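Chemist: Quick one: this structure, given as structure tokens, is what I'll be asking you about.
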Amino acid sequence: MSFQFDMSDFSEVLVSENAIGRKLDEMAAQIRADYEGKDLLLVGVLKGAVMVMADLARRMPPAVQMDWMAVSSYGSGTKSSGVVRILKDLDADLTGRHVLIVEDIIDTGVTLSWLLGNLRSRGAASVEVASLLRKPDAAKVEVPVTYLGFDIPNQFVVGYGLDFAESYRTLPFVAVLKPEVYGDK
Ligand code: 5GP
Ligand code: MG
Ligand code: MG
């Protein structure tokens, strides 16, 4: 394993490390204002949301809590079918809680739409969504996103939590992977 990543794997850096940091500052300021005086539970969707969760949570007051879920969407190849299975459920009881789902990216919206319905059925006081990225041209289901970082084109991106075959998650920026890179694997 080489420590250096190869910039020639990417056709374009879509969102730089600085741009991510500045956007998270804005999103966090809005979230802190909206949840002033309330106990907030951040729910991260593994594994893609790990980076955005870590960086957003560090911009919150110390009383903020984090919990995690892992879900898998059944479907052929890269297409979401809408059938979602819980691989790891939350530890927290959501009854009466203010919940903010933290996502890396909203693509078709199928997974998140299911997750919203699922969490809302658990008696939470509120359930909202924060996502760093969204691909508006890929939407199949409208998902209400209260806190959004960036709308991006309908291209396959990696970095800042997002993977290709479990690699590239640790990049500090979001980039478009060259099609010939996924052709190789
Ligand atoms: P959907 O919104 O289609 O139900 O699925 C969203 C999930 O698909 C994301 O949480 C992410 O794991 C994956 N995904 C969607 N678009 C991309 C992308 O451009 N790059 C990567 N690496 N994963 C993506
Ligand atoms: Mg995700
Ligand atoms: Mg993935």
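The way I read the labels, and the way they are meant: chains A, B, ... in the order of the structure tokens, residue 1 as the first residue of every chain, and ligand 1 as the first ligand shown, with later ones counted on from there.
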Tell me, as a list in words, which residues lie within 12 Å of Ile31 of chain A, counting only C-alpha atoms; anything in the same chain fewer than 5 positions away does not count.
Modeler: Leu24, Asp25, Glu26, Glu36, Gly37, Lys38, Asp39, Leu40, Leu41, Leu42, Leu56, Ala57, Arg59, Met60, Pro61, Val64, His98, Val99, Leu100, Val102, Glu128, Val129, Ala130, Thr146, Tyr147 and Leu148 of chain A
Chemist: Report as a PyMOL selection string which protein, DNA and RNA residues come within 12 Å of ligand 2, using only C-alpha atoms and all ligand atoms.
Modeler: chain A and resi 43-53+68-73+101-113+115+129-134+158+160-163+169
Chemist: Rank nothing, just name the residue among A:Leu116, A:Ala125, A:Ile20, A:Ala29 nearest to Val145 of chain A, using only C-alpha atoms.
Modeler: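 The shortest atom-to-atom distance to Val145 of chain A comes from A:Leu116.
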Chemist: What are the DSSP helix (DSSP H, G or I) residues of segment 2-179 of chain A, as a VMD selection string?
Modeler: chain A and resid 7 to 9 17 to 34 50 to 57 110 to 120 136 to 138 179
Chemist: Work out how far atom CA of Ala33 of chain A is from atom CA of Ser121 of chain A, in Å to one decimal.
Modeler: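 Between atom CA of Ser121 of chain A and atom CA of Ala33 of chain A the gap works out to 26.0 Å.
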Chemist: Would you compute the distance between atom 16 (N, counted along the ligand's line) of ligand 1 and atom CA of Asp55 of chain A? Give it in Å to one decimal.
Modeler: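 These atoms are spaced 20.2 Å apart.
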Chemist: Please, what distance in Å, to one decimal, runs between atom CA of Val176 of chain A and atom CA of Phe10 of chain A?
Modeler: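 So the answer is 5.5 Å.
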Chemist: Output as a list in words all residues of segment 57-126 of chain A that backbone DSSP marks as strand (DSSP E or B).
Modeler: Gln65, Met66, Asp67, Trp68, Met69, Ala70, Val71, Ser72, Ser73, Tyr74, Val83, Val84, Arg85, Ile86, Leu87, Lys88, His98, Val99, Leu100, Ile101, Val102, Glu103, Asp104, Ile105, Ile106 and Ser126 of chain A
Chemist: For a quick check of understanding, using only C-alpha atoms, which of A:Gly117, A:Asp91, A:Pro136, A:Lys178 has the smallest distance to Asn154 of chain A?
Modeler: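 Comparing A:Gly117, A:Asp91, A:Pro136, A:Lys178 against Asn154 of chain A, the winner is A:Pro136.
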Chemist: Residues at most 8 Å from Pro172 of chain A, counting only C-alpha atoms, excluding those fewer than 5 positions away in the same chain, as JSON, numbers by chain?
Modeler: {"A": [16, 17, 159, 160]}
Chemist: Pull all heavy atoms from the residues just selected and write them as a PDB file, in the first residue's frame.
Modeler:
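Output file part_12.pdb is given in full below:
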```pdb
ATOM      1  N   SER A  16     -12.804  21.046  -2.784  1.00  0.00           N
ATOM      2  CA  SER A  16     -11.497  21.024  -2.123  1.00  0.00           C
ATOM      3  C   SER A  16     -11.655  20.885  -0.616  1.00  0.00           C
ATOM      4  O   SER A  16     -12.743  21.104  -0.061  1.00  0.00           O
ATOM      5  CB  SER A  16     -10.756  22.323  -2.431  1.00  0.00           C
ATOM      6  OG  SER A  16     -11.391  23.398  -1.738  1.00  0.00           O
ATOM      7  N   GLU A  17     -10.546  20.556   0.039  1.00  0.00           N
ATOM      8  CA  GLU A  17     -10.542  20.425   1.498  1.00  0.00           C
ATOM      9  C   GLU A  17     -10.974  21.736   2.151  1.00  0.00           C
ATOM     10  O   GLU A  17     -11.768  21.747   3.094  1.00  0.00           O
ATOM     11  CB  GLU A  17      -9.135  20.026   1.951  1.00  0.00           C
ATOM     12  CG  GLU A  17      -9.028  19.751   3.426  1.00  0.00           C
ATOM     13  CD  GLU A  17      -7.657  19.201   3.829  1.00  0.00           C
ATOM     14  OE1 GLU A  17      -6.740  19.145   2.966  1.00  0.00           O
ATOM     15  OE2 GLU A  17      -7.510  18.843   5.002  1.00  0.00           O
ATOM     16  N   GLY A 159     -13.756  10.060  -2.122  1.00  0.00           N
ATOM     17  CA  GLY A 159     -13.042  10.919  -1.177  1.00  0.00           C
ATOM     18  C   GLY A 159     -13.945  11.419  -0.068  1.00  0.00           C
ATOM     19  O   GLY A 159     -15.171  11.390  -0.172  1.00  0.00           O
ATOM     20  N   TYR A 160     -13.311  11.862   1.025  1.00  0.00           N
ATOM     21  CA  TYR A 160     -14.021  12.393   2.174  1.00  0.00           C
ATOM     22  C   TYR A 160     -15.139  11.436   2.628  1.00  0.00           C
ATOM     23  O   TYR A 160     -16.284  11.813   2.825  1.00  0.00           O
ATOM     24  CB  TYR A 160     -14.575  13.794   1.872  1.00  0.00           C
ATOM     25  CG  TYR A 160     -14.845  14.574   3.138  1.00  0.00           C
ATOM     26  CD1 TYR A 160     -13.796  15.003   3.957  1.00  0.00           C
ATOM     27  CD2 TYR A 160     -16.142  14.844   3.551  1.00  0.00           C
ATOM     28  CE1 TYR A 160     -14.051  15.676   5.137  1.00  0.00           C
ATOM     29  CE2 TYR A 160     -16.401  15.515   4.732  1.00  0.00           C
ATOM     30  CZ  TYR A 160     -15.351  15.924   5.518  1.00  0.00           C
ATOM     31  OH  TYR A 160     -15.607  16.582   6.695  1.00  0.00           O
TER      32      TYR A 160
END
```
Chemist: Smallest atom-to-atom distance to ligand 3: which of A:Val157, A:Ala138, A:Met27, A:Val13, using only C-alpha atoms and all ligand atoms?
Modeler: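 Closest candidate: A:Val157.
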Chemist: Pick from A:Phe164, A:Val174, A:Lys23, A:Leu87: nearest to ligand 3, with only C-alpha atoms and all ligand atoms counted?
Modeler: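 Closest candidate: A:Phe164.
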